[in-house]
file my_file19.cif (mmCIF, C-alpha atoms and all ligand atoms)
data_upload
loop_
_atom_site.label_atom_id
_atom_site.label_comp_id
_atom_site.auth_asym_id
_atom_site.auth_seq_id
_atom_site.Cartn_x
_atom_site.Cartn_y
_atom_site.Cartn_z
CA MET M 1 -6.99 -2.69 -20.05
CA ILE M 2 -4.98 -2.05 -16.88
CA LEU M 3 -2.81 -4.82 -15.44
CA VAL M 4 -2.86 -4.72 -11.63
CA THR M 5 -0.16 -6.90 -10.06
CA GLY M 6 -1.01 -7.82 -6.46
CA GLY M 7 -4.55 -6.65 -7.18
CA ALA M 8 -6.11 -9.22 -4.85
CA GLY M 9 -4.39 -7.65 -1.81
CA TYR M 10 -5.47 -4.89 0.53
CA ILE M 11 -4.62 -1.74 -1.42
CA GLY M 12 -4.86 -3.48 -4.80
CA SER M 13 -8.44 -4.67 -4.30
CA HIS M 14 -9.60 -1.17 -3.28
CA THR M 15 -7.81 0.25 -6.31
CA CYS M 16 -9.44 -2.31 -8.65
CA LEU M 17 -12.80 -1.12 -7.37
CA GLU M 18 -11.99 2.55 -8.07
CA LEU M 19 -10.55 1.67 -11.51
CA LEU M 20 -13.76 -0.16 -12.44
CA GLU M 21 -15.86 2.74 -11.17
CA ALA M 22 -13.76 5.07 -13.33
CA GLY M 23 -14.55 2.92 -16.38
CA HIS M 24 -11.27 0.97 -16.77
CA GLU M 25 -11.04 -2.71 -17.67
CA VAL M 26 -9.01 -4.53 -15.03
CA LEU M 27 -6.81 -7.62 -15.20
CA VAL M 28 -5.18 -8.86 -11.98
CA LEU M 29 -2.03 -10.95 -11.64
CA ASP M 30 -1.66 -12.28 -8.10
CA ASN M 31 -0.07 -15.45 -6.70
CA LEU M 32 -2.45 -15.25 -3.70
CA SER M 33 0.51 -15.60 -1.30
CA ASN M 34 -1.09 -12.94 0.91
CA ALA M 35 -4.64 -12.63 -0.36
CA SER M 36 -7.90 -14.46 -0.87
CA PRO M 37 -9.75 -14.40 -4.20
CA GLU M 38 -12.86 -13.52 -2.18
CA GLY M 39 -11.88 -9.83 -2.05
CA LEU M 40 -12.06 -9.51 -5.83
CA ARG M 41 -15.34 -11.47 -5.97
CA ARG M 42 -16.75 -8.83 -3.61
CA VAL M 43 -15.32 -6.04 -5.78
CA GLU M 44 -17.25 -7.56 -8.69
CA ARG M 45 -20.45 -7.65 -6.63
CA LEU M 46 -20.02 -4.06 -5.43
CA THR M 47 -19.36 -2.67 -8.91
CA GLY M 48 -21.45 -5.06 -11.02
CA LYS M 49 -18.36 -5.43 -13.26
CA LYS M 50 -15.91 -8.24 -13.99
CA VAL M 51 -12.29 -8.47 -12.84
CA GLU M 52 -10.20 -11.14 -14.49
CA LEU M 53 -7.89 -12.77 -11.92
CA VAL M 54 -4.88 -14.64 -13.28
CA GLU M 55 -3.30 -16.67 -10.49
CA GLY M 56 0.41 -16.45 -11.19
CA ASP M 57 3.74 -15.19 -10.00
CA LEU M 58 5.60 -12.06 -11.01
CA ARG M 59 8.82 -14.07 -11.26
CA ASP M 60 7.34 -16.48 -13.81
CA GLY M 61 8.61 -15.01 -17.07
CA ALA M 62 6.57 -17.44 -19.19
CA ALA M 63 3.34 -16.46 -17.39
CA LEU M 64 4.11 -12.76 -17.95
CA GLU M 65 4.87 -13.45 -21.59
CA ARG M 66 1.47 -15.15 -22.04
CA LEU M 67 -0.27 -12.27 -20.27
CA PHE M 68 1.33 -9.47 -22.28
CA GLY M 69 1.15 -11.50 -25.51
CA SER M 70 -2.59 -12.11 -25.32
CA ARG M 71 -4.01 -8.79 -24.04
CA ARG M 72 -3.85 -5.14 -24.96
CA ILE M 73 -2.40 -3.75 -21.74
CA GLU M 74 -2.26 0.07 -21.57
CA ALA M 75 -0.49 0.44 -18.23
CA VAL M 76 0.58 -1.51 -15.15
CA LEU M 77 -0.20 -0.73 -11.52
CA HIS M 78 2.43 -2.70 -9.61
CA PHE M 79 1.37 -3.59 -6.06
CA ALA M 80 2.69 -7.18 -5.89
CA GLY M 81 5.30 -7.59 -3.20
CA LEU M 82 6.04 -8.82 0.30
CA LYS M 83 5.69 -6.09 2.91
CA SER M 84 6.61 -7.23 6.42
CA VAL M 85 9.61 -5.36 7.85
CA GLY M 86 10.35 -8.01 10.52
CA GLU M 87 10.08 -10.90 8.08
CA SER M 88 12.42 -9.09 5.68
CA VAL M 89 15.10 -8.91 8.38
CA GLU M 90 14.79 -12.67 8.98
CA GLN M 91 14.51 -13.70 5.32
CA PRO M 92 16.23 -10.98 3.27
CA LEU M 93 16.81 -13.08 0.16
CA ARG M 94 13.12 -13.95 -0.06
CA TYR M 95 12.40 -10.21 -0.19
CA TYR M 96 15.06 -9.44 -2.80
CA ASP M 97 13.86 -12.37 -4.91
CA ASN M 98 10.14 -11.65 -4.69
CA ASN M 99 10.19 -7.86 -4.79
CA VAL M 100 13.32 -6.95 -6.76
CA ALA M 101 13.74 -9.97 -9.07
CA GLY M 102 9.95 -10.04 -9.59
CA THR M 103 10.00 -6.39 -10.67
CA VAL M 104 12.93 -7.01 -13.04
CA LYS M 105 10.84 -9.70 -14.78
CA LEU M 106 7.84 -7.39 -14.95
CA LEU M 107 9.80 -4.45 -16.40
CA GLU M 108 11.45 -6.77 -18.94
CA ALA M 109 8.09 -8.09 -20.11
CA MET M 110 6.66 -4.56 -20.25
CA GLY M 111 9.62 -3.34 -22.31
CA ARG M 112 9.40 -6.29 -24.70
CA HIS M 113 5.75 -5.58 -25.35
CA GLY M 114 6.09 -1.80 -25.55
CA VAL M 115 4.01 -1.21 -22.41
CA LYS M 116 5.97 1.63 -20.85
CA ARG M 117 3.47 3.11 -18.40
CA LEU M 118 3.93 2.11 -14.78
CA VAL M 119 2.57 3.15 -11.39
CA PHE M 120 4.67 1.63 -8.59
CA SER M 121 3.74 1.09 -4.92
CA SER M 122 6.62 2.69 -3.07
CA SER M 123 6.60 3.67 0.57
CA ALA M 124 7.46 6.46 2.98
CA THR M 125 9.96 3.94 4.32
CA VAL M 126 12.37 5.19 1.60
CA TYR M 127 12.86 8.37 3.70
CA GLY M 128 14.30 6.30 6.60
CA ASP M 129 14.37 8.52 9.71
CA PRO M 130 13.67 11.87 8.02
CA SER M 131 15.64 14.89 9.22
CA ARG M 132 12.49 17.03 9.19
CA VAL M 133 8.72 16.77 8.79
CA PRO M 134 6.62 17.18 6.74
CA VAL M 135 8.59 15.07 4.28
CA THR M 136 9.08 16.32 0.72
CA GLU M 137 9.99 14.17 -2.26
CA ASP M 138 13.45 15.74 -2.66
CA MET M 139 14.66 14.66 0.80
CA PRO M 140 17.50 12.09 1.05
CA LEU M 141 16.55 8.43 0.71
CA SER M 142 17.80 5.53 2.83
CA ALA M 143 16.85 2.04 3.88
CA ALA M 144 16.59 0.82 7.47
CA ASN M 145 15.77 -2.82 6.63
CA PRO M 146 15.68 -5.23 3.65
CA TYR M 147 12.02 -4.46 2.89
CA GLY M 148 12.80 -0.75 2.65
CA ARG M 149 15.85 -1.49 0.55
CA THR M 150 13.74 -3.43 -1.98
CA LYS M 151 11.58 -0.31 -2.41
CA LEU M 152 14.66 1.88 -2.82
CA ILE M 153 16.27 -0.52 -5.32
CA ILE M 154 13.06 -0.71 -7.36
CA GLU M 155 12.77 3.10 -7.36
CA ASP M 156 16.41 3.32 -8.54
CA MET M 157 15.76 0.68 -11.20
CA CYS M 158 12.79 2.68 -12.47
CA ARG M 159 14.85 5.89 -12.62
CA GLU M 160 17.54 4.05 -14.60
CA VAL M 161 15.06 2.41 -16.96
CA PHE M 162 13.65 5.86 -17.70
CA ARG M 163 17.12 7.33 -18.20
CA ALA M 164 17.95 4.58 -20.70
CA ASP M 165 14.62 5.00 -22.54
CA PRO M 166 12.86 8.34 -21.92
CA SER M 167 9.65 7.11 -23.54
CA TRP M 168 8.75 5.38 -20.23
CA ARG M 169 6.22 7.11 -17.95
CA ILE M 170 6.55 6.08 -14.29
CA ALA M 171 4.90 7.30 -11.09
CA LEU M 172 6.60 6.21 -7.86
CA LEU M 173 3.82 6.56 -5.30
CA ARG M 174 5.22 6.80 -1.78
CA TYR M 175 2.39 5.73 0.51
CA PHE M 176 2.36 6.86 4.09
CA ASN M 177 0.24 4.68 6.47
CA PRO M 178 -2.78 3.17 4.68
CA VAL M 179 -5.73 2.29 6.94
CA GLY M 180 -9.50 2.04 6.56
CA ALA M 181 -11.70 0.02 4.26
CA HIS M 182 -14.35 0.49 1.60
CA ALA M 183 -17.43 2.17 3.09
CA SER M 184 -19.54 -0.93 2.35
CA GLY M 185 -17.56 -2.94 4.92
CA GLU M 186 -17.26 -5.68 2.28
CA ILE M 187 -13.53 -5.39 1.53
CA GLY M 188 -10.67 -4.51 3.86
CA GLU M 189 -7.28 -5.51 5.22
CA ASP M 190 -7.01 -9.19 6.16
CA PRO M 191 -3.61 -9.76 7.79
CA GLN M 192 -2.41 -13.31 8.48
CA GLY M 193 -1.02 -14.11 11.93
CA VAL M 194 -0.23 -11.42 14.47
CA PRO M 195 -0.59 -7.99 12.82
CA ASN M 196 2.52 -5.78 12.91
CA ASN M 197 0.74 -2.54 12.13
CA LEU M 198 -1.18 -0.36 14.54
CA MET M 199 -4.68 -0.27 13.01
CA PRO M 200 -5.07 -4.02 12.28
CA PHE M 201 -3.79 -4.88 15.76
CA ALA M 202 -6.09 -2.33 17.43
CA LEU M 203 -9.05 -3.70 15.42
CA GLN M 204 -8.37 -7.24 16.60
CA VAL M 205 -8.33 -5.95 20.18
CA ALA M 206 -11.59 -4.05 19.58
CA VAL M 207 -13.28 -7.17 18.19
CA GLY M 208 -12.04 -9.32 21.10
CA ARG M 209 -9.51 -11.48 19.26
CA ARG M 210 -6.65 -10.03 21.38
CA PRO M 211 -6.75 -8.67 24.95
CA VAL M 212 -4.78 -5.42 24.76
CA LEU M 213 -2.96 -3.11 22.37
CA ASN M 214 0.65 -2.38 23.27
CA VAL M 215 1.52 1.27 22.59
CA PHE M 216 5.20 1.24 21.71
CA GLY M 217 6.72 4.08 23.70
CA GLY M 218 5.20 6.98 25.64
CA ASP M 219 8.40 9.01 25.72
CA TRP M 220 8.85 10.05 22.09
CA PRO M 221 9.50 13.76 21.48
CA THR M 222 5.90 14.31 20.31
CA ALA M 223 2.94 16.19 21.83
CA ASP M 224 1.58 13.20 23.79
CA GLY M 225 4.78 11.10 23.81
CA THR M 226 3.52 8.48 21.33
CA GLY M 227 4.62 7.96 17.71
CA VAL M 228 3.15 10.21 15.03
CA ARG M 229 2.28 8.98 11.51
CA ASP M 230 0.33 10.10 8.47
CA TYR M 231 -2.61 7.67 8.28
CA ILE M 232 -4.34 7.76 4.92
CA HIS M 233 -7.71 6.21 4.07
CA VAL M 234 -7.23 3.35 1.60
CA VAL M 235 -10.05 4.68 -0.60
CA ASP M 236 -8.24 8.02 -0.92
CA LEU M 237 -5.08 6.08 -1.74
CA ALA M 238 -6.93 4.02 -4.37
CA LYS M 239 -8.27 7.23 -5.94
CA GLY M 240 -4.69 8.56 -5.98
CA HIS M 241 -3.80 5.66 -8.30
CA VAL M 242 -6.66 6.45 -10.67
CA ALA M 243 -5.44 10.08 -10.72
CA ALA M 244 -1.82 8.99 -11.31
CA LEU M 245 -2.91 6.83 -14.22
CA ALA M 246 -4.86 9.71 -15.76
CA LYS M 247 -1.88 12.08 -15.41
CA LEU M 248 0.91 9.61 -16.16
CA ASP M 249 1.69 10.93 -19.63
CA ALA M 250 1.63 14.55 -18.45
CA LEU M 251 4.07 13.74 -15.61
CA GLY M 252 6.66 13.32 -18.31
CA GLY M 253 9.22 11.06 -16.70
CA CYS M 254 9.86 8.99 -13.60
CA VAL M 255 8.32 10.99 -10.78
CA PRO M 256 8.10 10.28 -7.03
CA LEU M 257 4.92 11.47 -5.32
CA ASN M 258 3.95 11.39 -1.65
CA LEU M 259 0.47 10.03 -1.02
CA GLY M 260 -0.47 11.14 2.47
CA THR M 261 -2.83 13.58 4.15
CA GLY M 262 -0.16 15.96 5.44
CA ARG M 263 -1.51 15.52 8.96
CA GLY M 264 0.38 13.72 11.74
CA VAL M 265 -1.71 11.61 14.13
CA SER M 266 -0.35 10.05 17.33
CA VAL M 267 -0.97 6.47 18.45
CA LEU M 268 -3.18 7.74 21.28
CA GLU M 269 -5.19 9.94 18.90
CA LEU M 270 -5.78 6.96 16.64
CA VAL M 271 -6.81 4.78 19.59
CA ALA M 272 -9.23 7.52 20.73
CA GLY M 273 -10.68 7.76 17.21
CA LEU M 274 -11.17 4.01 17.03
CA SER M 275 -12.74 3.93 20.50
CA ARG M 276 -15.29 6.53 19.32
CA ALA M 277 -16.09 4.43 16.26
CA VAL M 278 -16.45 1.24 18.31
CA GLY M 279 -18.48 2.95 21.05
CA ARG M 280 -16.25 1.70 23.89
CA PRO M 281 -12.61 2.12 24.88
CA VAL M 282 -10.05 -0.01 23.07
CA PRO M 283 -7.88 -1.50 25.86
CA HIS M 284 -4.28 -0.34 25.56
CA GLN M 285 -1.12 0.01 27.64
CA VAL M 286 2.07 1.94 27.06
CA VAL M 287 5.11 -0.34 26.83
CA ALA M 288 8.74 0.09 25.74
CA ARG M 289 9.60 1.52 22.32
CA ARG M 290 9.78 -0.89 19.37
CA ALA M 291 13.23 -1.31 17.81
CA GLY M 292 13.62 0.59 14.56
CA ASP M 293 10.71 3.01 15.15
CA VAL M 294 10.99 6.75 14.65
CA ALA M 295 9.15 9.60 16.39
CA SER M 296 7.27 11.36 13.67
CA VAL M 297 6.74 10.90 9.92
CA PHE M 298 4.14 12.73 7.87
CA ALA M 299 3.91 13.85 4.29
CA ASP M 300 4.00 17.09 2.47
CA PRO M 301 1.39 16.11 -0.16
CA THR M 302 1.72 19.34 -2.21
CA ARG M 303 3.33 17.76 -5.26
CA ALA M 304 0.54 15.17 -5.67
CA ALA M 305 -2.03 17.97 -5.39
CA GLN M 306 -0.23 20.02 -8.05
CA LEU M 307 0.64 17.24 -10.50
CA LEU M 308 -2.28 14.84 -10.04
CA GLY M 309 -5.02 17.19 -8.90
CA TRP M 310 -5.48 14.68 -6.07
CA ARG M 311 -5.88 15.28 -2.36
CA ALA M 312 -6.82 12.96 0.50
CA GLU M 313 -10.39 13.81 1.53
CA LEU M 314 -11.25 11.41 4.35
CA GLY M 315 -10.25 12.17 7.94
CA LEU M 316 -9.46 10.10 11.01
CA ASP M 317 -13.12 9.51 11.92
CA ALA M 318 -13.92 8.03 8.50
CA MET M 319 -10.75 5.90 8.67
CA CYS M 320 -11.80 4.51 12.06
CA ALA M 321 -15.50 4.09 11.25
CA ASP M 322 -14.79 2.29 7.97
CA SER M 323 -12.06 0.10 9.52
CA TRP M 324 -14.46 -0.88 12.28
CA ARG M 325 -17.33 -1.62 9.87
CA TRP M 326 -15.08 -4.03 7.94
CA GLN M 327 -13.67 -5.66 11.09
CA SER M 328 -17.04 -6.06 12.87
CA GLN M 329 -18.80 -7.40 9.77
CA ASN M 330 -15.87 -9.76 9.04
CA PRO M 331 -14.32 -10.61 12.42
CA ASN M 332 -12.13 -13.26 10.78
CA GLY M 333 -11.47 -11.34 7.58
CA TYR M 334 -12.11 -13.37 4.43
CA ALA M 335 -11.58 -16.52 6.56
CA ARG M 336 -9.22 -18.14 4.05
P1 LIG D 401 -0.92 -7.07 0.33
O1 LIG D 401 0.00 -8.12 0.84
O2 LIG D 401 -2.32 -7.08 0.81
O3 LIG D 401 -0.92 -7.09 -1.28
C1 LIG D 401 0.17 -7.52 -2.03
C2 LIG D 401 -0.35 -8.56 -3.00
O4 LIG D 401 0.71 -9.02 -3.85
C3 LIG D 401 -0.93 -9.80 -2.32
O5 LIG D 401 -2.22 -10.04 -2.83
C4 LIG D 401 0.04 -10.92 -2.68
O6 LIG D 401 -0.63 -12.17 -2.79
C5 LIG D 401 0.61 -10.44 -3.99
N1 LIG D 401 1.97 -10.89 -4.31
C6 LIG D 401 3.07 -10.85 -3.52
N2 LIG D 401 4.14 -11.34 -4.19
C7 LIG D 401 3.71 -11.69 -5.43
C8 LIG D 401 4.34 -12.25 -6.57
N3 LIG D 401 5.64 -12.57 -6.55
N4 LIG D 401 3.60 -12.47 -7.66
C9 LIG D 401 2.27 -12.17 -7.68
N5 LIG D 401 1.63 -11.64 -6.64
C10 LIG D 401 2.33 -11.41 -5.52
O7 LIG D 401 -0.22 -5.65 0.63
P2 LIG D 401 -0.80 -4.18 0.49
O8 LIG D 401 -0.86 -3.58 1.84
O9 LIG D 401 -2.00 -4.17 -0.36
O10 LIG D 401 0.44 -3.50 -0.25
C11 LIG D 401 0.50 -3.36 -1.66
C12 LIG D 401 1.82 -2.73 -2.04
O11 LIG D 401 1.94 -1.46 -1.39
C13 LIG D 401 3.05 -3.53 -1.63
O12 LIG D 401 4.02 -3.42 -2.64
C14 LIG D 401 3.52 -2.83 -0.37
O13 LIG D 401 4.91 -2.98 -0.17
C15 LIG D 401 3.16 -1.39 -0.69
N6 LIG D 401 2.98 -0.57 0.53
C16 LIG D 401 2.10 -0.97 1.49
C17 LIG D 401 1.97 -0.21 2.65
C18 LIG D 401 1.03 -0.64 3.75
O14 LIG D 401 1.19 -0.17 4.88
N7 LIG D 401 0.04 -1.50 3.50
C19 LIG D 401 2.71 0.97 2.82
C20 LIG D 401 3.57 1.37 1.80
C21 LIG D 401 3.70 0.59 0.65
N1 LIG D 402 2.42 0.91 17.10
C1 LIG D 402 2.04 0.63 18.39
N2 LIG D 402 1.56 -0.62 18.65
C2 LIG D 402 1.44 -1.59 17.70
C3 LIG D 402 1.84 -1.28 16.38
C4 LIG D 402 2.33 -0.02 16.12
O1 LIG D 402 2.15 1.46 19.28
O2 LIG D 402 1.01 -2.71 18.02
C5 LIG D 402 2.90 2.27 16.79
C6 LIG D 402 4.30 2.33 16.21
O3 LIG D 402 5.26 2.39 17.24
C7 LIG D 402 4.23 3.60 15.36
C8 LIG D 402 2.78 3.63 14.89
O4 LIG D 402 2.06 2.80 15.80
O5 LIG D 402 4.46 4.72 16.17
C9 LIG D 402 2.59 3.09 13.49
O6 LIG D 402 3.17 1.80 13.40
P1 LIG D 402 2.89 0.83 12.15
O7 LIG D 402 3.64 -0.43 12.41
O8 LIG D 402 1.43 0.73 11.90
O9 LIG D 402 3.49 1.65 10.92
P2 LIG D 402 4.98 2.16 10.67
O10 LIG D 402 4.88 3.62 10.39
O11 LIG D 402 5.90 1.73 11.71
O12 LIG D 402 5.36 1.32 9.38
C10 LIG D 402 4.65 1.49 8.18
C11 LIG D 402 4.69 0.20 7.35
C12 LIG D 402 6.10 -0.11 6.97
C13 LIG D 402 6.74 1.06 6.32
C14 LIG D 402 6.61 2.29 7.20
C15 LIG D 402 7.15 3.53 6.58
O13 LIG D 402 4.18 -0.87 8.07
O14 LIG D 402 6.07 -1.17 6.04
O15 LIG D 402 5.23 2.51 7.48
O16 LIG D 402 6.39 3.82 5.46
F1 LIG D 402 8.04 0.79 6.12
#
call {"tool": "encode", "arguments": {"input": "my_file19.cif", "output": "structure tokens"}}
result
Amino acid sequence: MILVTGGAGYIGSHTCLELLEAGHEVLVLDNLSNASPEGLRRVERLTGKKVELVEGDLRDGAALERLFGSRRIEAVLHFAGLKSVGESVEQPLRYYDNNVAGTVKLLEAMGRHGVKRLVFSSSATVYGDPSRVPVTEDMPLSAANPYGRTKLIIEDMCREVFRADPSWRIALLRYFNPVGAHASGEIGEDPQGVPNNLMPFALQVAVGRRPVLNVFGGDWPTADGTGVRDYIHVVDLAKGHVAALAKLDALGGCVPLNLGTGRGVSVLELVAGLSRAVGRPVPHQVVARRAGDVASVFADPTRAAQLLGWRAELGLDAMCADSWRWQSQNPNGYAR
């Protein structure tokens, strides 16, 4: 069976669904610090298959020991982590403890039990402000905030673990900007408090929970002056994990892979796409730039295509339509 840490969360729950559809048995470890168990119940309904949810913390060595000692785990997909950039600046130690120390515990338990196959949720944030786009995996890495540094440290840790013991097989999946939801509208992203990211904020404006979307900067050196990112449908991303798992042994090492579409989309293009999906304009206004933002980041996804045989298939319209279906059917998310 596959152990999915953080499997109750946004990307994890979509990946559990794709794993089940691909015939894997799935075991989730999640402390529910940023998720509701309802998402996985819906995954079970959608697939007609069971997901075992163990409520527990990555940093709890005894809990990990019980988990690895009592199950035959083939590989680990490691999503569990805190992910808010702003929060990480205010509470850096919480991020190092949860993300870095938690991953140390996980890798220790995996090593002790001879489970040496890992797929890690890294991020395009490890490229910092890239010197050119599209971004390739060999470009220099840097961290602009504690959250990004936890991703960089964990990547470095994985590289060193592999160097010390070359029988490990590790995929470092660098996600670009995940958006969208399962086409059923039953599972999706359910942020707590004021969303930081563009799509969840825009959706709450579209559904009437907030009056207006602030577009951070209209004077970036991009075609329409707004920030450009590589939005990727979460179902494509989830399928990328199933592909990475299938190809993990063939990758033969500790390999970073960009998971993006290769296409840059501006804030205004995304707002236009969402307005089409909703059937009316999403109110927005251009305001000052947000501190720490960069003009344009999008992936060169060639390596993932070559090594995993995986490519993102869903475009902006599907991302917007599926996001809107989830948001309009569940205006308050899972209502935890
Ligand atoms: P999410 O918050 O929805 O999912 C993370 C899950 O991990 C949550 O269910 C949370 O309860 C759980 N968790 C956190 N700390 C834990 C711990 N110590 N022990 C057990 N469970 C714990 O976030 P997501 O968007 O699904 O992101 C998943 C992963 O992908 C994260 O590692 C994130 O950093 C990474 N990532 C996300 C994005 C994005 O934009 N969503 C982009 C790049 C990378
Ligand atoms: N934006 C707005 N208004 C908003 C929110 C965002 O105009 O209310 C703009 C941003 O300025 C940026 C674009 O929309 O141009 C995307 O912003 P997001 O916050 O959605 O995403 P980022 O690319 O800034 O950040 C994401 C993750 C980070 C990660 C980073 C790099 O949230 O965790 O990608 O991978 F570090």
call {"tool": "residues_near_point", "arguments": {"input": "my_file19.cif", "point": "(-1.2, -13.9, -8.3)", "cutoff": "9 Å", "atoms": "all atoms listed in the file", "output": "list of chain:residue names"}}
result
M:Thr5, M:Gly6, M:Gly7, M:Ala8, M:Val28, M:Leu29, M:Asp30, M:Asn31, M:Leu32, M:Ser33, M:Ala35, M:Leu53, M:Val54, M:Glu55, M:Gly56, M:Asp57, M:Leu58, M:Ala80
call {"tool": "write_last_selection", "arguments": {"input": "my_file19.cif", "atoms": "C-alpha atoms", "output": "tab-separated table (two decimals), in the frame of the given file"}}
result
chain	number	residue	atom	x	y	z
M	5	THR	CA	-0.16	-6.90	-10.06
M	6	GLY	CA	-1.01	-7.82	-6.46
M	7	GLY	CA	-4.55	-6.65	-7.18
M	8	ALA	CA	-6.11	-9.22	-4.85
M	28	VAL	CA	-5.18	-8.86	-11.98
M	29	LEU	CA	-2.03	-10.95	-11.64
M	30	ASP	CA	-1.66	-12.28	-8.10
M	31	ASN	CA	-0.07	-15.45	-6.70
M	32	LEU	CA	-2.45	-15.25	-3.70
M	33	SER	CA	0.51	-15.60	-1.30
M	35	ALA	CA	-4.64	-12.63	-0.36
M	53	LEU	CA	-7.89	-12.77	-11.92
M	54	VAL	CA	-4.88	-14.64	-13.28
M	55	GLU	CA	-3.30	-16.67	-10.49
M	56	GLY	CA	0.41	-16.45	-11.19
M	57	ASP	CA	3.74	-15.19	-10.00
M	58	LEU	CA	5.60	-12.06	-11.01
M	80	ALA	CA	2.69	-7.18	-5.89
call {"tool": "closest_residue", "arguments": {"input": "my_file19.cif", "among": "M:Val89, M:Val294, M:Leu46, M:Ile232", "to": "ligand LIG 401 (chain D)", "atoms": "all atoms listed in the file"}}
result
M:Ile232
call {"tool": "residues_around", "arguments": {"input": "my_file19.cif", "residues": "segment 244-258 of chain M", "least_positions_apart": "6", "cutoff": "9 Å", "atoms": "only C-alpha atoms", "output": "PyMOL selection string"}}
result
chain M and resi 75+77+117-119+122-124+135-138+155+158-159+162-163+166-176+299-304+307-310
call {"tool": "atom_distance", "arguments": {"input": "my_file19.cif", "atom1": "atom CA of Pro140 of chain M", "atom2": "atom CA of Leu259 of chain M"}}
result
17.3 Å
call {"tool": "residues_near_ligand", "arguments": {"input": "my_file19.cif", "ligand": "ligand LIG 402 (chain D)", "cutoff": "8 Å", "atoms": "all atoms listed in the file", "output": "ChimeraX atom specification"}}
result
/M:83-85,123-126,128,147-148,174-177,195-199,201-202,213-217,226-229,266-267,286,289-290,293-297
call {"tool": "closest_residue", "arguments": {"input": "my_file19.cif", "among": "M:Glu65, M:Asp97, M:Asp60, M:Glu18", "to": "Val235 of chain M", "atoms": "only C-alpha atoms"}}
result
M:Glu18
call {"tool": "atom_distance", "arguments": {"input": "my_file19.cif", "atom1": "atom CA of Leu64 of chain M", "atom2": "atom CA of Val43 of chain M"}}
result
23.9 Å
call {"tool": "axis_aligned_box", "arguments": {"input": "my_file19.cif", "around": "ligand LIG 401 (chain D)", "padding_each_side": "3 Å", "output": "lines of an AutoDock Vina configuration file"}}
result
center_x = 1.7
center_y = -5.6
center_z = -1.4
size_x = 14.0
size_y = 19.9
size_z = 18.6
call {"tool": "closest_residue", "arguments": {"input": "my_file19.cif", "among": "M:Ala63, M:Ala291, M:Leu82, M:Leu27", "to": "ligand LIG 401 (chain D)", "atoms": "all atoms listed in the file"}}
result
M:Leu82
call {"tool": "atom_distance", "arguments": {"input": "my_file19.cif", "atom1": "atom CA of Tyr231 of chain M", "atom2": "atom O14 of ligand LIG 401 (chain D)"}}
result
9.4 Å
call {"tool": "closest_residue", "arguments": {"input": "my_file19.cif", "among": "M:Ala321, M:Val194, M:Val242, M:Leu141", "to": "His24 of chain M", "atoms": "only C-alpha atoms"}}
result
M:Val242
call {"tool": "closest_residue", "arguments": {"input": "my_file19.cif", "among": "M:Pro92, M:Gly39, M:Gly102, M:Pro281", "to": "Arg59 of chain M", "atoms": "all atoms listed in the file"}}
result
M:Gly102
call {"tool": "closest_residue", "arguments": {"input": "my_file19.cif", "among": "M:Pro211, M:Gly81, M:Pro37, M:Gly61", "to": "ligand LIG 401 (chain D)", "atoms": "only C-alpha atoms and all ligand atoms"}}
result
M:Gly81
call {"tool": "residues_near_point", "arguments": {"input": "my_file19.cif", "point": "(-10.7, -7.0, 23.2)", "cutoff": "12 Å", "atoms": "all atoms listed in the file", "output": "list in words"}}
result
Phe201, Ala202, Leu203, Gln204, Val205, Ala206, Val207, Gly208, Arg209, Arg210, Pro211, Val212, Leu213, Ser275, Val278, Arg280, Pro281, Val282, Pro283, His284 and Pro331 of chain M
call {"tool": "residues_around", "arguments": {"input": "my_file19.cif", "residues": "Ile11 of chain M", "least_positions_apart": "5", "cutoff": "8 Å", "atoms": "only C-alpha atoms", "output": "JSON list (two decimals) with C-alpha atoms, keeping the file's coordinate frame"}}
result
[["chain", "number", "residue", "atom", "x", "y", "z"],
["M", 79, "PHE", "CA", 1.37, -3.59, -6.06],
["M", 234, "VAL", "CA", -7.23, 3.35, 1.60],
["M", 237, "LEU", "CA", -5.08, 6.08, -1.74],
["M", 238, "ALA", "CA", -6.93, 4.02, -4.37]]
call {"tool": "residues_around", "arguments": {"input": "my_file19.cif", "residues": "Met157 of chain M", "least_positions_apart": "6", "cutoff": "12 Å", "atoms": "all atoms listed in the file", "output": "PDB file with C-alpha atoms, keeping the file's coordinate frame"}}
result
ATOM      1  CA  VAL M 100      13.320  -6.950  -6.760  1.00  0.00           C
ATOM      2  CA  ALA M 101      13.740  -9.970  -9.070  1.00  0.00           C
ATOM      3  CA  THR M 103      10.000  -6.390 -10.670  1.00  0.00           C
ATOM      4  CA  VAL M 104      12.930  -7.010 -13.040  1.00  0.00           C
ATOM      5  CA  LEU M 106       7.840  -7.390 -14.950  1.00  0.00           C
ATOM      6  CA  LEU M 107       9.800  -4.450 -16.400  1.00  0.00           C
ATOM      7  CA  GLU M 108      11.450  -6.770 -18.940  1.00  0.00           C
ATOM      8  CA  PHE M 120       4.670   1.630  -8.590  1.00  0.00           C
ATOM      9  CA  ARG M 149      15.850  -1.490   0.550  1.00  0.00           C
ATOM     10  CA  THR M 150      13.740  -3.430  -1.980  1.00  0.00           C
ATOM     11  CA  LYS M 151      11.580  -0.310  -2.410  1.00  0.00           C
ATOM     12  CA  ARG M 163      17.120   7.330 -18.200  1.00  0.00           C
ATOM     13  CA  ALA M 164      17.950   4.580 -20.700  1.00  0.00           C
ATOM     14  CA  ILE M 170       6.550   6.080 -14.290  1.00  0.00           C
ATOM     15  CA  LEU M 172       6.600   6.210  -7.860  1.00  0.00           C
ATOM     16  CA  CYS M 254       9.860   8.990 -13.600  1.00  0.00           C
TER      17      CYS M 254
END
